[in-house]
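Raw target.txt, compact mmCIF, C-alpha atoms:
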# COMPACT_ATOMS: atom_id res chain seq x y z
CA MET A 1308 -34.47 -38.89 9.25
CA GLN A 1309 -34.09 -36.34 12.06
CA ILE A 1310 -30.45 -37.39 12.69
CA ALA A 1311 -29.62 -36.98 8.99
CA ARG A 1312 -30.99 -33.41 9.08
CA VAL A 1313 -28.90 -32.57 12.17
CA VAL A 1314 -25.78 -33.97 10.50
CA GLN A 1315 -26.47 -31.84 7.39
CA LEU A 1316 -26.82 -28.71 9.53
CA VAL A 1317 -23.60 -29.45 11.43
CA ILE A 1318 -21.68 -30.01 8.18
CA ALA A 1319 -23.13 -26.84 6.64
CA SER A 1320 -22.25 -24.84 9.75
CA ALA A 1321 -18.70 -26.21 9.84
CA THR A 1322 -18.24 -25.47 6.13
CA ALA A 1323 -19.47 -21.90 6.58
CA SER A 1324 -17.12 -21.42 9.54
CA LEU A 1325 -14.18 -22.61 7.46
CA VAL A 1326 -15.07 -20.40 4.49
CA PHE A 1327 -15.66 -17.29 6.60
CA GLY A 1328 -12.61 -18.05 8.73
CA GLN A 1329 -10.44 -18.15 5.61
CA ALA A 1330 -11.87 -14.86 4.36
CA THR A 1331 -11.09 -13.26 7.71
CA ALA A 1332 -7.56 -14.64 7.66
CA ALA A 1333 -7.06 -13.35 4.11
CA GLU A 1334 -8.32 -9.92 5.12
CA THR A 1335 -5.87 -9.69 8.02
CA ALA A 1336 -2.90 -11.18 6.16
CA ALA A 1337 0.02 -8.82 5.62
CA PRO A 1338 0.07 -7.36 2.11
CA SER A 1339 2.70 -8.67 -0.25
CA LYS A 1340 5.58 -6.55 -1.58
CA GLU A 1341 3.99 -6.83 -5.03
CA GLN A 1342 0.66 -5.51 -3.74
CA ILE A 1343 2.35 -2.55 -2.04
CA LYS A 1344 4.39 -1.83 -5.19
CA ARG A 1345 1.21 -1.92 -7.30
CA GLY A 1346 -0.45 0.46 -4.85
CA GLU A 1347 2.49 2.86 -5.00
CA TYR A 1348 2.28 2.81 -8.80
CA LEU A 1349 -1.46 3.58 -8.73
CA VAL A 1350 -1.11 6.35 -6.13
CA ASN A 1351 1.67 7.97 -8.16
CA PHE A 1352 -0.13 7.53 -11.49
CA GLY A 1353 -3.34 8.88 -9.98
CA GLY A 1354 -1.58 12.06 -8.88
CA CYS A 1355 -2.50 11.70 -5.20
CA ASN A 1356 0.62 13.67 -4.22
CA ASP A 1357 -0.59 16.62 -6.31
CA CYS A 1358 -3.08 17.56 -3.59
CA HIS A 1359 -2.35 15.36 -0.59
CA THR A 1360 1.36 16.20 -0.16
CA PRO A 1361 2.43 19.70 0.96
CA LYS A 1362 4.92 21.34 -1.41
CA LEU A 1363 8.34 22.92 -1.21
CA MET A 1364 9.15 25.71 -3.65
CA SER A 1365 12.03 24.89 -5.97
CA ALA A 1366 13.55 26.32 -9.15
CA LYS A 1367 11.08 24.05 -11.00
CA GLY A 1368 8.11 25.34 -9.03
CA PRO A 1369 6.27 23.52 -6.25
CA GLN A 1370 7.57 19.99 -5.57
CA PRO A 1371 6.11 17.41 -3.14
CA ASP A 1372 7.77 17.57 0.29
CA PRO A 1373 9.08 14.01 0.85
CA ALA A 1374 9.10 14.56 4.62
CA ARG A 1375 5.31 15.12 4.58
CA LEU A 1376 4.33 12.53 1.95
CA LEU A 1377 0.53 12.30 1.60
CA SER A 1378 -0.08 13.96 4.99
CA GLY A 1379 -2.69 16.40 3.62
CA HIS A 1380 -3.11 20.10 4.24
CA PRO A 1381 -0.88 21.11 7.17
CA ALA A 1382 -2.90 21.56 10.36
CA ASN A 1383 -1.14 24.87 11.02
CA GLY A 1384 -1.14 25.95 7.37
CA GLN A 1385 -2.28 29.47 6.69
CA ILE A 1386 -4.72 30.28 3.90
CA PRO A 1387 -3.98 33.31 1.75
CA PRO A 1388 -6.70 35.98 1.72
CA LEU A 1389 -9.56 35.03 -0.56
CA PRO A 1390 -10.51 37.20 -3.53
CA PRO A 1391 -13.50 39.52 -3.24
CA PRO A 1392 -16.96 37.91 -3.09
CA GLY A 1393 -18.46 37.16 -6.48
CA LEU A 1394 -15.14 36.25 -8.13
CA ILE A 1395 -15.58 32.50 -7.53
CA GLY A 1396 -18.83 30.84 -8.49
CA PRO A 1397 -20.73 28.54 -10.79
CA ASN A 1398 -21.25 31.13 -13.55
CA PRO A 1399 -19.18 31.12 -16.77
CA ASP A 1400 -17.94 34.68 -16.12
CA GLN A 1401 -16.49 33.72 -12.72
CA TRP A 1402 -13.50 31.70 -11.65
CA ALA A 1403 -14.55 28.15 -10.75
CA THR A 1404 -11.88 27.49 -8.14
CA ILE A 1405 -8.66 28.74 -6.57
CA THR A 1406 -5.98 26.91 -4.62
CA ASN A 1407 -3.06 27.74 -2.36
CA SER A 1408 0.55 27.45 -3.54
CA SER A 1409 0.80 23.95 -2.04
CA PHE A 1410 -2.39 22.70 -3.76
CA THR A 1411 -3.65 21.32 -0.43
CA VAL A 1412 -6.61 23.68 0.01
CA TRP A 1413 -9.22 24.51 -2.63
CA VAL A 1414 -11.99 27.09 -2.67
CA GLY A 1415 -14.96 27.02 -5.02
CA PRO A 1416 -18.75 27.20 -5.06
CA TRP A 1417 -18.80 24.18 -2.67
CA GLY A 1418 -16.84 26.15 -0.02
CA THR A 1419 -13.33 25.33 1.17
CA SER A 1420 -11.92 21.80 1.01
CA TYR A 1421 -8.67 20.56 2.49
CA ALA A 1422 -6.67 17.59 1.21
CA ALA A 1423 -6.98 14.71 3.68
CA ASN A 1424 -4.18 12.99 5.56
CA LEU A 1425 -3.70 9.65 3.75
CA THR A 1426 -0.90 8.39 6.00
CA PRO A 1427 -1.50 5.47 8.40
CA ASP A 1428 -1.58 7.73 11.46
CA VAL A 1429 -4.33 6.28 13.67
CA ALA A 1430 -5.52 9.57 15.15
CA THR A 1431 -5.48 11.81 12.05
CA GLY A 1432 -5.07 9.62 8.96
CA LEU A 1433 -6.14 6.24 7.58
CA GLY A 1434 -4.57 4.21 10.41
CA GLY A 1435 -7.93 3.15 11.86
CA TRP A 1436 -9.51 2.37 8.49
CA THR A 1437 -10.00 -1.04 6.90
CA ALA A 1438 -9.48 -1.88 3.24
CA ASP A 1439 -13.26 -2.26 2.90
CA GLN A 1440 -13.88 1.23 4.32
CA PHE A 1441 -11.30 2.69 1.93
CA ALA A 1442 -12.87 0.92 -1.06
CA LYS A 1443 -16.38 1.99 -0.02
CA THR A 1444 -15.20 5.61 0.34
CA MET A 1445 -13.66 5.56 -3.13
CA ARG A 1446 -16.75 3.92 -4.66
CA THR A 1447 -19.37 6.19 -3.04
CA GLY A 1448 -17.53 9.50 -2.70
CA LYS A 1449 -18.56 9.62 0.96
CA HIS A 1450 -16.26 9.65 4.00
CA LEU A 1451 -15.97 6.05 5.27
CA GLY A 1452 -18.56 5.18 2.64
CA VAL A 1453 -21.44 6.66 4.64
CA GLY A 1454 -20.41 10.13 5.89
CA ARG A 1455 -20.09 13.55 4.37
CA PRO A 1456 -19.47 13.84 0.61
CA MET A 1457 -15.87 14.14 -0.57
CA LEU A 1458 -15.48 17.58 -2.10
CA PRO A 1459 -13.74 18.88 -5.23
CA PRO A 1460 -11.16 18.59 -6.51
CA MET A 1461 -11.06 14.95 -5.26
CA PRO A 1462 -11.72 12.83 -8.37
CA TRP A 1463 -13.26 9.93 -6.44
CA PHE A 1464 -15.45 9.08 -9.44
CA ASN A 1465 -12.29 8.27 -11.42
CA VAL A 1466 -10.89 6.13 -8.61
CA ALA A 1467 -14.29 4.39 -8.25
CA VAL A 1468 -13.79 2.53 -11.53
CA LEU A 1469 -10.72 0.68 -10.22
CA ASN A 1470 -11.26 -2.98 -9.39
CA ASP A 1471 -11.12 -4.32 -5.83
CA ARG A 1472 -7.58 -5.62 -6.33
CA ASP A 1473 -6.31 -2.17 -7.27
CA LEU A 1474 -8.17 -0.38 -4.46
CA ARG A 1475 -6.76 -2.87 -1.95
CA ALA A 1476 -3.28 -2.34 -3.42
CA MET A 1477 -3.61 1.44 -3.03
CA PHE A 1478 -4.74 0.98 0.55
CA ALA A 1479 -1.87 -1.44 1.27
CA TYR A 1480 0.61 1.13 -0.03
CA LEU A 1481 -0.95 3.95 1.99
CA LYS A 1482 -0.78 1.78 5.12
CA SER A 1483 2.93 1.09 4.41
CA ILE A 1484 4.14 4.69 4.35
CA LYS A 1485 5.35 6.71 7.35
CA PRO A 1486 2.47 7.78 9.62
CA ILE A 1487 2.36 11.54 10.09
CA GLN A 1488 0.18 13.08 12.76
CA ASN A 1489 -1.56 15.98 11.04
CA GLN A 1490 -5.14 16.94 11.84
CA VAL A 1491 -6.46 18.45 8.63
CA PRO A 1492 -9.13 21.15 9.12
CA ALA A 1493 -12.74 20.25 8.40
CA PRO A 1494 -14.26 21.58 5.16
CA VAL A 1495 -15.93 24.98 5.34
CA PRO A 1496 -19.28 25.46 3.57
CA PRO A 1497 -19.72 28.41 1.18
CA LYS A 1498 -20.67 31.79 2.62
Entire entry expressed as structure tokens:
Amino acid sequence: MQIARVVQLVIASATASLVFGQATAAETAAPSKEQIKRGEYLVNFGGCNDCHTPKLMSAKGPQPDPARLLSGHPANGQIPPLPPPGLIGPNPDQWATITNSSFTVWVGPWGTSYAANLTPDVATGLGGWTADQFAKTMRTGKHLGVGRPMLPPMPWFNVAVLNDRDLRAMFAYLKSIKPIQNQVPAPVPPK
């Protein structure tokens, strides 16, 4: 009877190792071209470039700068002078928010928020993140799923409804683009 129990435990342990080993292999497998294409579609449809890509002024107005795709607010970017105190606030007779001409920095009652670097740069972007960390961030609205809250205008609550397949596709696309070293400033609380 004791030998039968040991054999059961060995089989269960070996089965668990195989199952978890396959999950780990699947997690580290290179994304497919279809997954990356789906992610590009979702990132473009979701308007991620609207805030996360610096702009160039054109005859049609501000256009995303393809050389700085999804690199966030430029580290050396200047912020125009803010309007007088009391103009921006939570009251109906005040402006709710203002942005710079590149749409990479936003000011509102929450303070000042800067669009993050979504490129796969290890030091300043998503290069050190995992797909699980990205998904957790998008689902919770917190940096790396546990840190500071993501601030307006980031519509994380809209992205949170995407299924795991779509979030992984978005992450696969973001990991496939050119890494750009760009340390985005930290958010500034309201005064």
Pick from A:Ser1409, A:Thr1447, A:Asn1398, A:Thr1426, whichever lies nearest to A:Met1477 using all atoms listed in the file: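 Comparing A:Ser1409, A:Thr1447, A:Asn1398, A:Thr1426 against A:Met1477, the winner is A:Thr1426.
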Radius query 8 Å about (-4.9, 18.5, 12.9), atoms used: only C-alpha atoms, as a ChimeraX atom specification: /A:1381-1383,1431,1488-1492
Top pick for closest residue to A:Val1429, considering A:Pro1391, A:Pro1486, A:Pro1338, A:Pro1459 and counting all atoms listed in the file: A:Pro1486
Distance criterion (all atoms listed in the file): nearest to A:Glu1347 out of A:Thr1360, A:Lys1485, A:Phe1478, A:Val1495: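 Using all atoms listed in the file, the shortest distance to A:Glu1347 belongs to A:Phe1478.
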Sphere at (-4.2, 20.7, -3.3), radius 7 Å, counting only C-alpha atoms: residues as a PyMOL selection string: chain A and resi 1357-1359+1406+1409-1413+1422
For atom CA of A:Leu1433 and atom CA of A:Leu1481, the interatomic separation in Å (one decimal): 8.0 Å
A:Ser1339, A:Thr1437, A:Ser1408, A:Asn1424 ranked by distance to A:Leu1376, top pick (using all atoms listed in the file):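 For A:Leu1376, the nearest of the given residues is A:Asn1424.
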Pick from A:Ile1386, A:Leu1451, A:Leu1377, A:Ala1493, whichever lies nearest to A:Leu1425 using all atoms listed in the file: A:Leu1377
Residue with smallest distance to A:Lys1482 - pool A:Pro1373, A:Pro1427, A:Gly1432, A:Gly1418, counting all atoms listed in the file: A:Pro1427
10 Å contact set for A:Tyr1348, all atoms listed in the file, chain neighbours under 6 positions out, as a list in words: Gln1342, Ala1476, Met1477 and Tyr1480 of chain A
Å distance separating atom CA of A:Asp1473 from atom CA of A:Gly1354, one decimal place: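 Going from atom CA of A:Asp1473 over to atom CA of A:Gly1354 covers 15.1 Å.
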Shell of 8 Å around A:Ile1395, all atoms listed in the file, local chain residues under 6 positions omitted, as a list in words: Gln1401, Trp1402, Ala1403, Thr1404, Ile1405, Gly1415 and Pro1416 of chain A
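You will find atom CA of A:Thr1419 at 24.7 Å from atom CA of A:Gly1434.
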Contacts of A:Ala1442 at 12 Å (only C-alpha atoms; same-chain gap of 5+ positions) as a ChimeraX atom specification: /A:1436-1437,1447-1453,1463-1464,1466-1479
Keeping just N, CA and C atoms, export stretch 1444-1489 of chain A of this structure as an mmCIF file, in the first residue's frame.
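Final output, saved to out.cif:
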data_model
loop_
_atom_site.group_PDB
_atom_site.id
_atom_site.type_symbol
_atom_site.label_atom_id
_atom_site.label_comp_id
_atom_site.auth_asym_id
_atom_site.auth_seq_id
_atom_site.Cartn_x
_atom_site.Cartn_y
_atom_site.Cartn_z
ATOM 1 N N THR A 1444 -1.169 45.384 -15.305
ATOM 2 C CA THR A 1444 -1.207 46.853 -15.313
ATOM 3 C C THR A 1444 -2.484 47.350 -15.982
ATOM 4 N N MET A 1445 -2.800 46.766 -17.140
ATOM 5 C CA MET A 1445 -3.989 47.190 -17.880
ATOM 6 C C MET A 1445 -5.281 46.810 -17.150
ATOM 7 N N ARG A 1446 -5.267 45.753 -16.392
ATOM 8 C CA ARG A 1446 -6.471 45.315 -15.674
ATOM 9 C C ARG A 1446 -6.704 46.091 -14.372
ATOM 10 N N THR A 1447 -5.616 46.517 -13.714
ATOM 11 C CA THR A 1447 -5.751 47.169 -12.407
ATOM 12 C C THR A 1447 -5.614 48.686 -12.468
ATOM 13 N N GLY A 1448 -5.014 49.200 -13.548
ATOM 14 C CA GLY A 1448 -4.754 50.634 -13.609
ATOM 15 C C GLY A 1448 -3.631 51.058 -12.681
ATOM 16 N N LYS A 1449 -2.768 50.110 -12.325
ATOM 17 C CA LYS A 1449 -1.631 50.415 -11.454
ATOM 18 C C LYS A 1449 -0.340 49.985 -12.145
ATOM 19 N N HIS A 1450 0.694 50.796 -12.010
ATOM 20 C CA HIS A 1450 1.988 50.520 -12.632
ATOM 21 C C HIS A 1450 2.488 49.143 -12.205
ATOM 22 N N LEU A 1451 2.800 48.288 -13.178
ATOM 23 C CA LEU A 1451 3.213 46.907 -12.958
ATOM 24 C C LEU A 1451 2.170 46.104 -12.178
ATOM 25 N N GLY A 1452 0.956 46.609 -12.139
ATOM 26 C CA GLY A 1452 -0.135 45.908 -11.471
ATOM 27 C C GLY A 1452 -0.198 46.120 -9.977
ATOM 28 N N VAL A 1453 0.811 46.768 -9.394
ATOM 29 C CA VAL A 1453 0.849 46.934 -7.939
ATOM 30 C C VAL A 1453 1.317 48.321 -7.498
ATOM 31 N N GLY A 1454 1.830 49.130 -8.420
ATOM 32 C CA GLY A 1454 2.442 50.410 -8.072
ATOM 33 C C GLY A 1454 1.461 51.567 -8.064
ATOM 34 N N ARG A 1455 1.977 52.706 -8.439
ATOM 35 C CA ARG A 1455 1.172 53.931 -8.423
ATOM 36 C C ARG A 1455 0.046 53.836 -9.453
ATOM 37 N N PRO A 1456 -1.058 54.547 -9.210
ATOM 38 C CA PRO A 1456 -2.165 54.520 -10.177
ATOM 39 C C PRO A 1456 -1.761 55.178 -11.499
ATOM 40 N N MET A 1457 -2.273 54.642 -12.591
ATOM 41 C CA MET A 1457 -2.108 55.296 -13.892
ATOM 42 C C MET A 1457 -3.066 56.486 -13.884
ATOM 43 N N LEU A 1458 -2.604 57.598 -14.401
ATOM 44 C CA LEU A 1458 -3.357 58.847 -14.315
ATOM 45 C C LEU A 1458 -4.068 59.164 -15.623
ATOM 46 N N PRO A 1459 -5.074 60.060 -15.551
ATOM 47 C CA PRO A 1459 -5.716 60.524 -16.784
ATOM 48 C C PRO A 1459 -4.674 61.143 -17.695
ATOM 49 N N PRO A 1460 -4.905 61.084 -18.964
ATOM 50 C CA PRO A 1460 -6.095 60.602 -19.652
ATOM 51 C C PRO A 1460 -6.038 59.122 -20.013
ATOM 52 N N MET A 1461 -5.101 58.336 -19.438
ATOM 53 C CA MET A 1461 -4.956 56.933 -19.805
ATOM 54 C C MET A 1461 -6.260 56.177 -19.549
ATOM 55 N N PRO A 1462 -6.883 55.654 -20.615
ATOM 56 C CA PRO A 1462 -8.160 54.944 -20.460
ATOM 57 C C PRO A 1462 -7.958 53.455 -20.145
ATOM 58 N N TRP A 1463 -7.210 53.166 -19.091
ATOM 59 C CA TRP A 1463 -6.892 51.774 -18.756
ATOM 60 C C TRP A 1463 -8.154 50.950 -18.544
ATOM 61 N N PHE A 1464 -9.212 51.578 -18.029
ATOM 62 C CA PHE A 1464 -10.465 50.866 -17.768
ATOM 63 C C PHE A 1464 -11.118 50.377 -19.055
ATOM 64 N N ASN A 1465 -10.842 51.035 -20.169
ATOM 65 C CA ASN A 1465 -11.324 50.544 -21.471
ATOM 66 C C ASN A 1465 -10.474 49.368 -21.944
ATOM 67 N N VAL A 1466 -9.166 49.481 -21.752
ATOM 68 C CA VAL A 1466 -8.259 48.410 -22.164
ATOM 69 C C VAL A 1466 -8.475 47.174 -21.281
ATOM 70 N N ALA A 1467 -8.884 47.378 -20.033
ATOM 71 C CA ALA A 1467 -9.062 46.281 -19.078
ATOM 72 C C ALA A 1467 -10.084 45.250 -19.532
ATOM 73 N N VAL A 1468 -11.004 45.637 -20.401
ATOM 74 C CA VAL A 1468 -12.037 44.687 -20.833
ATOM 75 C C VAL A 1468 -11.553 43.754 -21.944
ATOM 76 N N LEU A 1469 -10.367 44.016 -22.496
ATOM 77 C CA LEU A 1469 -9.838 43.120 -23.522
ATOM 78 C C LEU A 1469 -9.513 41.760 -22.913
ATOM 79 N N ASN A 1470 -9.635 40.714 -23.723
ATOM 80 C CA ASN A 1470 -9.307 39.382 -23.216
ATOM 81 C C ASN A 1470 -7.791 39.194 -23.174
ATOM 82 N N ASP A 1471 -7.362 38.114 -22.528
ATOM 83 C CA ASP A 1471 -5.921 37.850 -22.375
ATOM 84 C C ASP A 1471 -5.218 37.751 -23.720
ATOM 85 N N ARG A 1472 -5.873 37.137 -24.697
ATOM 86 C CA ARG A 1472 -5.272 36.984 -26.024
ATOM 87 C C ARG A 1472 -4.957 38.351 -26.631
ATOM 88 N N ASP A 1473 -5.887 39.281 -26.514
ATOM 89 C CA ASP A 1473 -5.672 40.614 -27.080
ATOM 90 C C ASP A 1473 -4.611 41.398 -26.313
ATOM 91 N N LEU A 1474 -4.607 41.308 -24.987
ATOM 92 C CA LEU A 1474 -3.583 42.008 -24.212
ATOM 93 C C LEU A 1474 -2.200 41.453 -24.527
ATOM 94 N N ARG A 1475 -2.089 40.146 -24.685
ATOM 95 C CA ARG A 1475 -0.802 39.539 -25.047
ATOM 96 C C ARG A 1475 -0.383 39.955 -26.460
ATOM 97 N N ALA A 1476 -1.357 40.098 -27.347
ATOM 98 C CA ALA A 1476 -1.049 40.551 -28.711
ATOM 99 C C ALA A 1476 -0.534 41.988 -28.689
ATOM 100 N N MET A 1477 -1.177 42.853 -27.914
ATOM 101 C CA MET A 1477 -0.712 44.238 -27.799
ATOM 102 C C MET A 1477 0.721 44.264 -27.266
ATOM 103 N N PHE A 1478 0.966 43.469 -26.239
ATOM 104 C CA PHE A 1478 2.297 43.433 -25.646
ATOM 105 C C PHE A 1478 3.323 42.901 -26.652
ATOM 106 N N ALA A 1479 2.949 41.868 -27.402
ATOM 107 C CA ALA A 1479 3.860 41.311 -28.422
ATOM 108 C C ALA A 1479 4.212 42.366 -29.461
ATOM 109 N N TYR A 1480 3.209 43.149 -29.879
ATOM 110 C CA TYR A 1480 3.490 44.223 -30.846
ATOM 111 C C TYR A 1480 4.422 45.262 -30.225
ATOM 112 N N LEU A 1481 4.119 45.705 -29.012
ATOM 113 C CA LEU A 1481 4.956 46.722 -28.366
ATOM 114 C C LEU A 1481 6.391 46.231 -28.196
ATOM 115 N N LYS A 1482 6.571 44.949 -27.935
ATOM 116 C CA LYS A 1482 7.917 44.397 -27.802
ATOM 117 C C LYS A 1482 8.623 44.271 -29.155
ATOM 118 N N SER A 1483 7.848 44.349 -30.266
ATOM 119 C CA SER A 1483 8.440 44.171 -31.598
ATOM 120 C C SER A 1483 8.899 45.478 -32.241
ATOM 121 N N ILE A 1484 8.486 46.618 -31.682
ATOM 122 C CA ILE A 1484 8.856 47.888 -32.303
ATOM 123 C C ILE A 1484 10.261 48.303 -31.865
ATOM 124 N N LYS A 1485 10.768 49.351 -32.501
ATOM 125 C CA LYS A 1485 12.123 49.835 -32.217
ATOM 126 C C LYS A 1485 12.206 50.364 -30.782
ATOM 127 N N PRO A 1486 13.176 49.877 -29.994
ATOM 128 C CA PRO A 1486 13.356 50.436 -28.652
ATOM 129 C C PRO A 1486 13.931 51.845 -28.743
ATOM 130 N N ILE A 1487 13.376 52.737 -27.959
ATOM 131 C CA ILE A 1487 13.850 54.121 -27.922
ATOM 132 C C ILE A 1487 14.118 54.477 -26.471
ATOM 133 N N GLN A 1488 15.367 54.844 -26.186
ATOM 134 C CA GLN A 1488 15.693 55.242 -24.826
ATOM 135 C C GLN A 1488 15.139 56.644 -24.599
ATOM 136 N N ASN A 1489 14.202 56.753 -23.687
ATOM 137 C CA ASN A 1489 13.562 58.029 -23.382
ATOM 138 C C ASN A 1489 12.975 57.938 -21.979
#
